[in-house]
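So this block is upload-v2.cif, mmCIF, C-alpha atoms:
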```cif
data_entry
#
loop_
_atom_site.label_atom_id
_atom_site.label_comp_id
_atom_site.auth_asym_id
_atom_site.auth_seq_id
_atom_site.Cartn_x
_atom_site.Cartn_y
_atom_site.Cartn_z
CA MET Q 259 -3.66 3.24 -9.95
CA ASN Q 260 -6.17 5.18 -12.05
CA LYS Q 261 -9.49 6.55 -10.73
CA LEU Q 262 -11.61 3.81 -12.30
CA ASP Q 263 -9.51 1.07 -10.71
CA LYS Q 264 -9.76 2.82 -7.33
CA VAL Q 265 -13.56 2.89 -7.65
CA PHE Q 266 -13.58 -0.79 -8.69
CA CYS Q 267 -11.40 -1.79 -5.72
CA LYS Q 268 -13.67 0.09 -3.30
CA PHE Q 269 -16.75 -1.48 -4.90
CA VAL Q 270 -15.31 -5.01 -4.52
CA ILE Q 271 -14.51 -4.43 -0.83
CA PHE Q 272 -17.53 -2.41 0.28
CA SER Q 273 -20.13 -4.49 -1.57
CA LEU Q 274 -19.12 -7.65 0.34
CA PRO Q 275 -21.93 -7.18 2.95
CA VAL Q 276 -24.42 -6.81 0.07
CA LEU Q 277 -23.14 -10.12 -1.30
CA GLY Q 278 -23.67 -11.65 2.11
CA VAL Q 279 -27.29 -10.42 2.15
CA ALA Q 280 -27.83 -11.78 -1.39
CA PHE Q 281 -26.53 -15.23 -0.43
CA ALA Q 282 -28.54 -15.20 2.83
CA LEU Q 283 -31.76 -14.31 0.93
CA SER Q 284 -31.03 -17.00 -1.65
CA TYR Q 285 -30.46 -19.53 1.15
CA VAL Q 286 -33.61 -18.56 3.09
CA PHE Q 287 -36.11 -18.20 0.21
CA GLY Q 288 -34.55 -20.33 -2.51
CA ASP Q 289 -33.60 -19.17 -6.03
CA VAL Q 290 -36.87 -20.16 -7.71
CA TYR Q 291 -39.06 -18.33 -5.15
CA LEU Q 292 -36.90 -15.19 -5.40
CA ARG Q 293 -36.92 -15.26 -9.23
CA ASP Q 294 -40.72 -15.34 -9.36
CA SER Q 295 -41.32 -12.91 -6.48
CA GLN Q 296 -42.91 -9.48 -6.96
CA GLY Q 297 -42.91 -6.22 -4.97
CA ILE Q 298 -40.16 -5.34 -2.53
CA LEU Q 299 -38.66 -8.83 -2.53
CA GLY Q 300 -38.61 -8.86 -6.35
CA PHE Q 301 -36.98 -5.41 -6.46
CA LEU Q 302 -34.46 -6.50 -3.81
CA ASN Q 303 -33.69 -9.66 -5.76
CA THR Q 304 -33.10 -7.71 -8.99
CA THR Q 305 -30.89 -5.09 -7.25
CA LEU Q 306 -28.87 -7.68 -5.37
CA GLY Q 307 -28.56 -9.78 -8.54
CA ILE Q 308 -27.12 -6.83 -10.46
CA THR Q 309 -24.70 -6.15 -7.59
CA VAL Q 310 -23.55 -9.79 -7.50
CA ILE Q 311 -23.03 -9.90 -11.30
CA SER Q 312 -21.16 -6.56 -11.20
CA TRP Q 313 -19.03 -7.82 -8.30
CA ILE Q 314 -18.10 -11.00 -10.19
CA LEU Q 315 -17.24 -9.12 -13.42
CA ILE Q 316 -15.24 -6.40 -11.63
CA SER Q 317 -13.41 -8.98 -9.51
CA LEU Q 318 -12.52 -10.88 -12.67
CA TYR Q 319 -11.22 -7.66 -14.27
CA LEU Q 320 -9.15 -6.82 -11.16
CA VAL Q 321 -7.68 -10.33 -10.90
CA ILE Q 322 -6.69 -10.31 -14.60
CA LYS Q 323 -5.20 -6.81 -14.22
CA MET Q 324 -3.27 -8.01 -11.17
CA ILE Q 325 -1.78 -10.85 -13.23
CA VAL Q 326 -0.73 -8.71 -16.22
CA ASN Q 327 0.06 -5.33 -14.63
CA GLN Q 328 3.01 -5.41 -12.21
CA SER Q 329 2.61 -1.93 -10.71
CA PHE Q 330 -1.12 -2.47 -10.11
CA ARG Q 331 -0.41 -5.86 -8.54
CA ASP Q 332 2.30 -4.47 -6.23
CA LEU Q 333 0.20 -1.49 -5.17
CA THR Q 334 -3.01 -3.45 -4.58
CA LEU Q 335 -1.45 -6.38 -2.76
CA LYS Q 336 0.76 -4.13 -0.63
CA LYS Q 337 -2.33 -2.20 0.44
CA PHE Q 338 -4.35 -5.37 0.92
CA ILE Q 339 -1.82 -7.06 3.18
CA LYS Q 340 -0.71 -3.71 4.67
CA MET Q 341 2.88 -4.22 3.56
CA ASN Q 342 4.95 -1.21 4.53
CA ASP Q 343 8.33 -1.00 2.78
CA ASP Q 344 8.99 2.72 2.87
CA ASP Q 345 12.61 2.31 3.86
CA GLU Q 346 15.39 -0.29 3.81
CA ARG Q 347 14.61 -1.76 7.24
CA GLU Q 348 10.91 -2.19 6.41
CA SER Q 349 11.87 -3.78 3.06
CA LEU Q 350 14.16 -6.18 4.92
CA ILE Q 351 11.40 -7.05 7.41
CA SER Q 352 8.82 -7.55 4.62
CA GLY Q 353 11.31 -9.70 2.68
CA GLU Q 354 12.11 -11.89 5.70
CA ALA Q 355 8.40 -12.24 6.54
CA ALA Q 356 7.53 -13.07 2.91
CA LYS Q 357 10.27 -15.74 2.83
CA ILE Q 358 9.12 -17.39 6.06
CA SER Q 359 5.47 -17.10 5.03
CA MET Q 360 6.19 -18.68 1.63
CA LEU Q 361 8.15 -21.56 3.18
CA SER Q 362 5.50 -22.21 5.85
CA THR Q 363 2.78 -22.17 3.16
CA PHE Q 364 4.87 -24.63 1.15
CA ALA Q 365 5.11 -26.91 4.20
CA PHE Q 366 1.37 -26.52 4.87
CA MET Q 367 0.53 -27.38 1.25
CA THR Q 368 2.86 -30.40 1.38
CA LEU Q 369 0.94 -31.58 4.45
CA LEU Q 370 -2.38 -31.04 2.62
CA LEU Q 371 -1.02 -32.96 -0.39
CA PHE Q 372 -0.03 -35.82 1.91
CA LEU Q 373 -3.42 -35.78 3.64
CA SER Q 374 -5.19 -35.74 0.29
CA MET Q 375 -3.35 -38.91 -0.80
CA VAL Q 376 -3.41 -40.98 2.35
CA THR Q 377 -6.15 -43.53 3.00
CA VAL Q 378 -6.93 -44.96 6.41
CA THR Q 379 -9.35 -47.83 6.91
CA THR Q 380 -10.35 -49.55 10.13
CA GLY Q 381 -12.77 -52.42 10.33
CA LYS Q 382 -13.66 -55.93 11.37
CA ILE Q 383 -12.25 -59.18 10.10
CA GLU Q 384 -14.99 -61.65 9.24
CA GLY Q 385 -15.58 -65.11 7.84
CA GLU Q 386 -12.90 -67.72 7.30
CA ARG Q 387 -10.05 -65.30 7.96
CA LEU Q 388 -11.37 -64.61 11.46
CA VAL Q 389 -11.02 -68.31 12.29
CA LYS Q 390 -7.43 -68.42 10.96
CA SER Q 391 -6.38 -65.13 12.52
CA ASP Q 392 -6.15 -64.28 16.20
CA LYS Q 393 -7.20 -60.68 15.48
CA GLU Q 394 -10.75 -59.39 15.13
CA HIS Q 395 -10.04 -55.90 13.78
CA PHE Q 396 -7.71 -54.38 11.23
CA LEU Q 397 -6.18 -50.96 10.53
CA SER Q 398 -4.76 -50.25 7.11
CA ILE Q 399 -2.90 -47.10 6.09
CA GLY Q 400 -2.00 -46.59 2.47
CA PHE Q 401 -1.40 -44.15 -0.34
CA ASP Q 402 -3.82 -43.45 -3.14
CA PRO Q 403 -1.97 -40.71 -5.10
CA LEU Q 404 -4.48 -40.58 -7.94
CA VAL Q 405 -7.44 -40.81 -5.53
CA MET Q 406 -8.92 -43.57 -7.64
CA GLY Q 407 -10.34 -45.45 -4.67
CA ALA Q 408 -8.21 -48.50 -5.45
CA SER Q 409 -7.24 -48.98 -1.82
CA GLN Q 410 -10.91 -49.15 -0.82
CA ASN Q 411 -11.35 -52.43 -2.66
CA ARG Q 412 -11.16 -54.69 0.35
CA SER Q 413 -11.33 -58.44 0.46
CA THR Q 414 -14.68 -60.04 1.30
CA ASP Q 415 -13.34 -61.10 4.73
CA GLU Q 416 -12.91 -57.47 5.80
CA LYS Q 417 -15.76 -55.14 6.71
CA ALA Q 418 -14.71 -51.48 6.85
CA ILE Q 419 -16.11 -49.48 9.77
CA PHE Q 420 -14.29 -46.20 9.13
CA THR Q 421 -12.60 -45.08 5.92
CA TYR Q 422 -10.69 -41.84 5.40
CA SER Q 423 -9.70 -41.10 1.83
CA GLY Q 424 -8.65 -37.65 0.69
CA LEU Q 425 -9.42 -34.32 2.33
CA PRO Q 426 -13.09 -34.02 3.27
CA VAL Q 427 -13.02 -30.25 2.56
CA PRO Q 428 -14.44 -28.41 -0.49
CA THR Q 429 -11.86 -26.84 -2.84
CA SER Q 430 -13.04 -23.28 -2.13
CA ILE Q 431 -12.62 -23.76 1.64
CA LEU Q 432 -9.19 -25.27 1.04
CA LEU Q 433 -8.08 -22.29 -1.08
CA LEU Q 434 -9.48 -19.88 1.51
CA LEU Q 435 -7.57 -21.76 4.19
CA ILE Q 436 -4.30 -21.49 2.23
CA LEU Q 437 -4.85 -17.76 1.56
CA SER Q 438 -5.65 -17.10 5.21
CA TRP Q 439 -2.64 -19.13 6.31
CA GLN Q 440 -0.32 -17.07 4.09
CA LEU Q 441 -1.79 -13.74 5.26
CA VAL Q 442 -1.69 -14.67 8.94
CA THR Q 443 1.86 -16.06 8.83
CA PHE Q 444 3.06 -12.99 6.90
CA HIS Q 445 1.58 -10.58 9.46
CA LEU Q 446 2.83 -12.61 12.43
CA MET Q 447 6.32 -12.73 10.93
CA VAL Q 448 6.31 -8.95 10.26
CA ARG Q 449 5.38 -8.35 13.89
CA ARG Q 450 8.08 -10.74 15.09
CA GLU Q 451 10.76 -9.22 12.83
CA ARG Q 452 9.79 -5.69 13.95
CA ARG Q 453 10.19 -6.78 17.57
CA ILE Q 454 13.62 -8.26 16.87
CA SER Q 455 15.08 -5.34 14.88
CA MET Z 107 31.72 -19.40 11.77
CA GLY Z 108 33.98 -18.74 8.77
CA LYS Z 109 35.88 -15.47 8.43
CA ASN Z 110 33.68 -14.37 5.52
CA GLN Z 111 30.55 -15.00 7.62
CA MET Z 112 31.61 -12.78 10.51
CA LYS Z 113 28.93 -10.43 11.82
CA PHE Z 114 30.18 -7.25 13.43
CA ILE Z 115 28.69 -5.58 16.46
CA ILE Z 116 28.51 -1.95 15.38
CA ALA Z 117 28.08 0.86 17.88
CA ASN Z 118 27.09 4.38 16.93
CA ASN Z 119 26.78 7.80 18.51
CA ILE Z 120 23.74 8.93 16.54
CA SER Z 121 21.67 9.44 19.67
CA GLU Z 122 24.27 11.83 21.19
CA LEU Z 123 24.74 13.69 17.90
CA ARG Z 124 21.01 14.06 17.45
CA LEU Z 125 20.38 15.24 21.00
CA ALA Z 126 23.31 17.69 20.76
CA ARG Z 127 21.48 19.29 17.85
CA GLY Z 128 18.15 19.19 19.70
CA MET Z 129 16.57 17.02 17.01
CA SER Z 130 13.77 14.50 17.36
CA GLN Z 131 13.99 11.02 15.84
CA GLU Z 132 11.21 12.02 13.41
CA LYS Z 133 13.19 15.03 12.19
CA LEU Z 134 16.36 12.99 11.63
CA ALA Z 135 14.36 10.25 9.92
CA ALA Z 136 12.84 12.81 7.52
CA GLU Z 137 16.28 14.31 6.84
CA VAL Z 138 17.88 10.97 5.87
CA GLY Z 139 14.75 9.52 4.22
CA VAL Z 140 13.75 6.66 6.52
CA THR Z 141 11.07 6.02 9.14
CA ARG Z 142 11.33 6.98 12.81
CA ALA Z 143 11.28 3.28 13.73
CA THR Z 144 14.44 2.71 11.68
CA ILE Z 145 16.29 5.55 13.43
CA ASN Z 146 15.15 4.14 16.77
CA ALA Z 147 16.37 0.63 15.80
CA ILE Z 148 19.77 2.02 14.67
CA GLU Z 149 20.18 4.07 17.87
CA LYS Z 150 19.37 1.02 20.00
CA GLU Z 151 21.87 -0.94 17.85
CA ASN Z 152 19.21 -3.48 16.95
CA TYR Z 153 19.68 -2.81 13.25
CA ASN Z 154 22.81 -2.19 11.17
CA PRO Z 155 22.03 0.30 8.39
CA SER Z 156 23.12 -0.21 4.80
CA LEU Z 157 26.31 1.51 3.66
CA ASP Z 158 24.21 4.04 1.76
CA LEU Z 159 22.13 4.98 4.83
CA ALA Z 160 25.20 4.97 7.08
CA PHE Z 161 26.85 7.50 4.72
CA ARG Z 162 23.69 9.62 4.58
CA ILE Z 163 23.60 9.81 8.40
CA SER Z 164 27.34 10.56 8.66
CA VAL Z 165 27.15 13.25 5.97
CA PHE Z 166 24.14 14.78 7.71
CA PHE Z 167 26.11 15.06 10.97
CA GLU Z 168 29.20 16.25 9.01
CA GLN Z 169 31.31 13.36 10.27
CA SER Z 170 33.28 10.58 8.66
CA LEU Z 171 31.73 7.12 8.62
CA ASP Z 172 34.09 5.72 11.26
CA GLU Z 173 33.38 8.62 13.59
CA THR Z 174 29.68 7.81 13.58
CA PHE Z 175 29.88 4.01 13.40
CA THR Z 176 32.49 1.90 15.20
CA ILE Z 177 33.09 -1.84 15.23
CA VAL Z 178 33.06 -2.90 18.88
CA GLY Z 179 33.10 -6.65 18.48
CA VAL Z 180 32.13 -9.72 16.50
CA TYR Z 181 29.09 -11.91 17.12
CA GLU Z 182 30.18 -15.36 18.32
#
```

Do you think you could lay out the structure here as C-alpha coordinates?
Amino acid sequence: MNKLDKVFCKFVIFSLPVLGVAFALSYVFGDVYLRDSQGILGFLNTTLGITVISWILISLYLVIKMIVNQSFRDLTLKKFIKMNDDDERESLISGEAAKISMLSTFAFMTLLLFLSMVTVTTGKIEGERLVKSDKEHFLSIGFDPLVMGASQNRSTDEKAIFTYSGLPVPTSILLLLILSWQLVTFHLMVRRERRIS
Amino acid sequence: MGKNQMKFIIANNISELRLARGMSQEKLAAEVGVTRATINAIEKENYNPSLDLAFRISVFFEQSLDETFTIVGVYE
(Lines of atoms letter the chains of each structure in order from A and count residues from 1; the text may use other names and numbers.)
(Lines give C-alpha, C1' and ligand atoms only; values in the text may rest on other atoms or scores of the structure.)
Protein backbone atom coordinates (compact mmCIF):
# COMPACT_ATOMS: atom_id res chain seq x y z
CA MET A 1 0.00 0.00 0.00
CA ASN A 2 1.51 3.35 -0.98
CA LYS A 3 1.63 6.42 1.30
CA LEU A 4 -1.26 8.20 -0.41
CA ASP A 5 -3.55 5.18 -0.03
CA LYS A 6 -2.59 4.92 3.65
CA VAL A 7 -3.53 8.58 4.16
CA PHE A 8 -6.81 8.04 2.28
CA CYS A 9 -7.69 4.97 4.38
CA LYS A 10 -7.00 6.89 7.61
CA PHE A 11 -9.05 9.84 6.35
CA VAL A 12 -12.04 7.59 5.54
CA ILE A 13 -11.95 5.98 9.00
CA PHE A 14 -11.10 8.98 11.19
CA SER A 15 -13.45 11.44 9.47
CA LEU A 16 -16.49 9.26 10.28
CA PRO A 17 -17.31 11.30 13.46
CA VAL A 18 -17.13 14.49 11.35
CA LEU A 19 -19.64 12.91 8.96
CA GLY A 20 -21.86 12.14 11.92
CA VAL A 21 -21.72 15.80 13.02
CA ALA A 22 -22.50 16.94 9.45
CA PHE A 23 -25.56 14.69 9.23
CA ALA A 24 -26.70 15.71 12.74
CA LEU A 25 -26.42 19.43 11.84
CA SER A 26 -28.27 18.83 8.58
CA TYR A 27 -31.01 16.97 10.49
CA VAL A 28 -31.33 19.63 13.22
CA PHE A 29 -31.17 22.82 11.11
CA GLY A 30 -32.24 21.59 7.68
CA ASP A 31 -30.23 21.91 4.44
CA VAL A 32 -31.77 25.20 3.30
CA TYR A 33 -31.14 26.98 6.62
CA LEU A 34 -27.53 25.74 6.71
CA ARG A 35 -26.90 26.76 3.08
CA ASP A 36 -28.01 30.33 3.73
CA SER A 37 -26.42 30.68 7.18
CA GLN A 38 -23.54 33.08 7.91
CA GLY A 39 -20.84 33.29 10.60
CA ILE A 40 -19.69 30.26 12.55
CA LEU A 41 -22.56 28.05 11.37
CA GLY A 42 -21.87 29.03 7.74
CA PHE A 43 -18.14 28.31 8.15
CA LEU A 44 -18.95 25.00 9.86
CA ASN A 45 -21.35 24.08 7.07
CA THR A 46 -18.75 24.83 4.37
CA THR A 47 -15.99 22.89 6.20
CA LEU A 48 -18.20 19.91 6.91
CA GLY A 49 -19.51 19.99 3.33
CA ILE A 50 -15.97 19.83 1.94
CA THR A 51 -15.18 16.95 4.32
CA VAL A 52 -18.30 15.02 3.26
CA ILE A 53 -17.56 15.52 -0.46
CA SER A 54 -13.91 14.50 0.06
CA TRP A 55 -15.03 11.45 2.04
CA ILE A 56 -17.42 10.35 -0.73
CA LEU A 57 -14.81 10.85 -3.50
CA ILE A 58 -12.02 9.11 -1.55
CA SER A 59 -14.33 6.24 -0.57
CA LEU A 60 -15.28 5.82 -4.21
CA TYR A 61 -11.59 5.76 -5.20
CA LEU A 62 -10.79 3.18 -2.48
CA VAL A 63 -13.73 0.94 -3.41
CA ILE A 64 -12.75 1.00 -7.11
CA LYS A 65 -9.11 0.30 -6.20
CA MET A 66 -10.26 -2.60 -4.02
CA ILE A 67 -12.14 -4.09 -6.99
CA VAL A 68 -9.28 -3.79 -9.51
CA ASN A 69 -6.16 -4.18 -7.33
CA GLN A 70 -5.86 -7.61 -5.68
CA SER A 71 -2.96 -6.84 -3.31
CA PHE A 72 -4.63 -3.63 -2.10
CA ARG A 73 -7.92 -5.49 -1.60
CA ASP A 74 -6.27 -8.32 0.36
CA LEU A 75 -4.24 -5.97 2.54
CA THR A 76 -7.10 -3.56 3.29
CA LEU A 77 -9.76 -6.17 3.95
CA LYS A 78 -7.41 -8.30 6.07
CA LYS A 79 -6.66 -5.25 8.20
CA PHE A 80 -10.30 -4.21 8.29
CA ILE A 81 -11.60 -7.56 9.49
CA LYS A 82 -8.41 -8.24 11.49
CA MET A 83 -7.68 -11.42 9.56
CA ASN A 84 -4.43 -12.94 10.78
CA ASP A 85 -2.97 -15.59 8.48
CA ASP A 86 0.71 -15.39 9.35
CA ASP A 87 1.15 -19.14 9.41
CA GLU A 88 -0.51 -22.32 8.15
CA ARG A 89 -2.74 -22.83 11.19
CA GLU A 90 -4.03 -19.25 11.08
CA SER A 91 -4.65 -19.62 7.31
CA LEU A 92 -6.60 -22.79 7.99
CA ILE A 93 -8.65 -21.08 10.71
CA SER A 94 -9.33 -18.03 8.49
CA GLY A 95 -10.31 -20.33 5.61
CA GLU A 96 -12.71 -22.38 7.75
CA ALA A 97 -14.23 -19.21 9.24
CA ALA A 98 -14.59 -17.62 5.79
CA LYS A 99 -16.31 -20.77 4.47
CA ILE A 100 -18.78 -20.93 7.36
CA SER A 101 -19.35 -17.17 7.22
CA MET A 102 -20.01 -17.29 3.46
CA LEU A 103 -22.45 -20.19 3.81
CA SER A 104 -24.30 -18.58 6.73
CA THR A 105 -24.53 -15.30 4.76
CA PHE A 106 -25.90 -17.28 1.82
CA ALA A 107 -28.54 -18.84 4.09
CA PHE A 108 -29.34 -15.42 5.60
CA MET A 109 -29.73 -13.87 2.14
CA THR A 110 -31.94 -16.77 1.03
CA LEU A 111 -34.15 -16.06 4.04
CA LEU A 112 -34.24 -12.34 3.14
CA LEU A 113 -35.12 -13.24 -0.47
CA PHE A 114 -37.95 -15.43 0.79
CA LEU A 115 -39.18 -12.71 3.15
CA SER A 116 -39.03 -10.15 0.36
CA MET A 117 -41.29 -12.30 -1.84
CA VAL A 118 -43.85 -13.55 0.64
CA THR A 119 -47.13 -11.74 1.20
CA VAL A 120 -49.33 -12.24 4.24
CA THR A 121 -52.80 -10.77 4.51
CA THR A 122 -55.30 -11.08 7.34
CA GLY A 123 -58.72 -9.52 7.33
CA LYS A 124 -62.46 -9.76 7.63
CA ILE A 125 -64.90 -11.48 5.32
CA GLU A 126 -67.84 -9.24 4.48
CA GLY A 127 -71.00 -9.09 2.42
CA GLU A 128 -72.61 -12.06 0.70
CA ARG A 129 -69.65 -14.36 1.33
CA LEU A 130 -70.02 -13.89 5.09
CA VAL A 131 -73.55 -15.28 4.88
CA LYS A 132 -72.40 -18.32 2.84
CA SER A 133 -69.29 -18.97 4.91
CA ASP A 134 -69.11 -19.97 8.55
CA LYS A 135 -65.88 -17.98 8.99
CA GLU A 136 -65.60 -14.27 9.72
CA HIS A 137 -61.86 -13.78 9.16
CA PHE A 138 -59.30 -14.94 6.63
CA LEU A 139 -55.53 -15.41 6.49
CA SER A 140 -53.83 -15.67 3.13
CA ILE A 141 -50.15 -16.42 2.56
CA GLY A 142 -48.75 -16.18 -0.93
CA PHE A 143 -45.77 -15.43 -3.11
CA ASP A 144 -45.27 -12.27 -5.08
CA PRO A 145 -41.82 -12.85 -6.64
CA LEU A 146 -41.87 -9.71 -8.76
CA VAL A 147 -43.36 -7.63 -5.92
CA MET A 148 -45.99 -6.31 -8.29
CA GLY A 149 -48.70 -6.20 -5.65
CA ALA A 150 -50.84 -8.68 -7.59
CA SER A 151 -51.69 -10.67 -4.47
CA GLN A 152 -53.06 -7.54 -2.81
CA ASN A 153 -55.94 -7.37 -5.26
CA ARG A 154 -58.56 -8.87 -3.02
CA SER A 155 -62.17 -9.60 -3.81
CA THR A 156 -64.77 -7.05 -2.70
CA ASP A 157 -66.02 -9.45 0.00
CA GLU A 158 -62.68 -9.32 1.82
CA LYS A 159 -61.45 -6.36 3.86
CA ALA A 160 -57.74 -6.56 4.67
CA ILE A 161 -56.78 -5.57 8.22
CA PHE A 162 -53.07 -6.36 8.05
CA THR A 163 -50.94 -6.83 4.93
CA TYR A 164 -47.26 -7.75 4.84
CA SER A 165 -45.63 -7.55 1.44
CA GLY A 166 -41.87 -7.45 0.99
CA LEU A 167 -39.25 -6.41 3.53
CA PRO A 168 -40.17 -3.16 5.26
CA VAL A 169 -36.47 -2.17 5.51
CA PRO A 170 -34.58 0.39 3.38
CA THR A 171 -31.94 -1.04 1.00
CA SER A 172 -29.05 0.68 2.80
CA ILE A 173 -30.07 -0.83 6.16
CA LEU A 174 -30.43 -4.23 4.50
CA LEU A 175 -26.92 -4.02 3.00
CA LEU A 176 -25.52 -2.86 6.34
CA LEU A 177 -27.25 -5.78 8.01
CA ILE A 178 -25.71 -8.27 5.54
CA LEU A 179 -22.23 -6.72 5.94
CA SER A 180 -22.51 -6.80 9.73
CA TRP A 181 -23.78 -10.37 9.63
CA GLN A 182 -20.78 -11.48 7.55
CA LEU A 183 -18.27 -9.67 9.79
CA VAL A 184 -19.80 -10.95 13.03
CA THR A 185 -20.08 -14.57 11.83
CA PHE A 186 -16.49 -14.48 10.52
CA HIS A 187 -15.12 -13.22 13.84
CA LEU A 188 -17.22 -15.65 15.89
CA MET A 189 -16.08 -18.55 13.71
CA VAL A 190 -12.40 -17.50 14.01
CA ARG A 191 -12.76 -17.46 17.79
CA ARG A 192 -14.47 -20.85 17.76
CA GLU A 193 -11.88 -22.42 15.44
CA ARG A 194 -9.03 -21.00 17.58
CA ARG A 195 -10.61 -22.59 20.65
CA ILE A 196 -10.91 -25.96 18.90
CA SER A 197 -7.39 -26.13 17.44
CA MET B 1 -15.39 -44.07 7.53
CA GLY B 2 -13.58 -45.24 4.38
CA LYS B 3 -9.91 -46.19 4.47
CA ASN B 4 -8.95 -43.10 2.45
CA GLN B 5 -10.81 -40.87 4.93
CA MET B 6 -8.95 -42.13 7.99
CA LYS B 7 -7.73 -39.44 10.38
CA PHE B 8 -4.68 -40.32 12.42
CA ILE B 9 -4.08 -39.36 16.02
CA ILE B 10 -0.51 -38.07 15.93
CA ALA B 11 1.55 -37.70 19.08
CA ASN B 12 4.76 -35.72 19.26
CA ASN B 13 7.60 -35.07 21.66
CA ILE B 14 8.18 -31.44 20.72
CA SER B 15 7.50 -30.23 24.24
CA GLU B 16 10.20 -32.53 25.72
CA LEU B 17 12.69 -31.66 22.97
CA ARG B 18 12.08 -27.97 23.42
CA LEU B 19 12.36 -28.05 27.21
CA ALA B 20 15.53 -30.18 26.97
CA ARG B 21 17.06 -27.32 25.00
CA GLY B 22 15.69 -24.73 27.42
CA MET B 23 13.70 -23.02 24.67
CA SER B 24 10.48 -21.06 24.97
CA GLN B 25 7.54 -21.65 22.62
CA GLU B 26 8.15 -18.17 21.15
CA LYS B 27 11.77 -19.02 20.32
CA LEU B 28 10.84 -22.30 18.63
CA ALA B 29 8.01 -20.59 16.75
CA ALA B 30 10.43 -17.95 15.43
CA GLU B 31 12.94 -20.65 14.43
CA VAL B 32 10.42 -22.64 12.36
CA GLY B 33 8.48 -19.60 11.10
CA VAL B 34 5.08 -19.93 12.77
CA THR B 35 3.24 -18.26 15.66
CA ARG B 36 3.54 -19.27 19.31
CA ALA B 37 -0.12 -20.30 19.27
CA THR B 38 0.61 -22.85 16.53
CA ILE B 39 3.48 -24.40 18.50
CA ASN B 40 1.21 -24.55 21.55
CA ALA B 41 -1.57 -26.23 19.52
CA ILE B 42 0.90 -28.80 18.08
CA GLU B 43 2.36 -29.57 21.53
CA LYS B 44 -1.13 -30.07 22.95
CA GLU B 45 -1.89 -32.28 19.91
CA ASN B 46 -4.86 -30.13 18.98
CA TYR B 47 -3.41 -29.43 15.55
CA ASN B 48 -1.56 -31.67 13.08
CA PRO B 49 1.07 -29.63 11.23
CA SER B 50 1.56 -29.80 7.48
CA LEU B 51 4.28 -32.10 6.16
CA ASP B 52 6.42 -29.05 5.43
CA LEU B 53 6.16 -27.71 9.00
CA ALA B 54 6.60 -31.18 10.48
CA PHE B 55 9.88 -31.53 8.54
CA ARG B 56 11.01 -28.05 9.59
CA ILE B 57 10.46 -28.94 13.26
CA SER B 58 12.18 -32.34 12.91
CA VAL B 59 15.15 -30.83 11.08
CA PHE B 60 15.43 -28.13 13.73
CA PHE B 61 15.64 -30.79 16.47
CA GLU B 62 17.99 -32.89 14.26
CA GLN B 63 15.64 -35.85 14.29
CA SER B 64 13.86 -37.90 11.67
CA LEU B 65 10.18 -37.22 11.11
CA ASP B 66 9.03 -40.46 12.76
CA GLU B 67 11.14 -39.76 15.83
CA THR B 68 9.34 -36.47 16.39
CA PHE B 69 5.85 -37.48 15.24
CA THR B 70 4.26 -40.87 15.88
CA ILE B 71 0.90 -42.29 14.85
CA VAL B 72 -0.77 -43.48 18.05
CA GLY B 73 -4.23 -44.26 16.74
CA VAL B 74 -7.02 -43.52 14.31
CA TYR B 75 -10.06 -41.34 14.99
CA GLU B 76 -13.22 -43.46 15.04

Write out as a tab-separated table a residue-level contact list of chain Q versus chain Z with cut-off 9 Å: for each qualifying residue the closest pair of atoms and the distance in Å to one decimal, counting only C-alpha atoms, rows sorted by chain and residue number upward.
```
residue	atom	partner	partner_atom	distance
Q:Asp344	CA	Z:Val140	CA	7.2
Q:Asp345	CA	Z:Val140	CA	5.2
Q:Glu346	CA	Z:Val140	CA	7.6
Q:Arg347	CA	Z:Thr144	CA	6.3
Q:Glu348	CA	Z:Thr144	CA	8.0
Q:Ile454	CA	Z:Asn152	CA	7.4
Q:Ser455	CA	Z:Asn152	CA	5.0
```

Determine, counting only C-alpha atoms, which protein, DNA and RNA residues have an atom within 8 Å of an atom of Z:Lys113; residues of the same chain fewer than 2 positions away are not included. Present the result as a ChimeraX atom specification.
-> /Z:111,115,180-181

Do you have the atom CA of Q:Leu361-atom CA of Q:Gln440 distance handy?
-> 9.6 Å

Provide an axis-aligned box for all listed atoms of stretch 126-139 of chain Z, padding each side by 4 Å; report its centre and its edge lengths in Å to one decimal, as JSON.
```
{"center_x": 17.3, "center_y": 14.4, "center_z": 12.5, "size_x": 20.1, "size_y": 17.8, "size_z": 24.5}
```

Exercise: residues within 7 Å of coordinate (25.8, 11.6, 13.5), counting all atoms listed in the file, as JSON, numbers by chain | {"Z": [119, 120, 123, 124, 163, 164, 166, 167, 169, 174]}

Where does the PyMOL selection byres ((chain Q and resi 441) around 12) land in this file, that is, which residues does it pick, as a ChimeraX atom specification?
-> /Q:335-336,338-341,355-356,358-360,362-363,434-440,442-448

One decimal place gives the atom CA of Q:Thr429-atom CA of Q:Leu315 separation as 21.3 Å

Expand the PyMOL selection byres ((chain Q and resi 422) around 10) into the individual residues it matches in the shown file, reporting them as number ranges by chain.
-> Q: 373-374, 376-380, 399, 410, 420-421, 423-426

Just give me the gap between atom CA of Q:Thr309 and atom CA of Q:Cys267 in Å, one decimal is fine.
->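 One can read the atom CA of Q:Thr309 to atom CA of Q:Cys267 distance as 14.1 Å.
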
Please write as a list in words the full residue list that the PyMOL selection byres ((chain Z and resi 177) around 6) yields on this file.
->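 Against this file, the PyMOL selection byres ((chain Z and resi 177) around 6) returns the residues Ile115, Ile116, Thr176, Val178 and Gly179 of chain Z.
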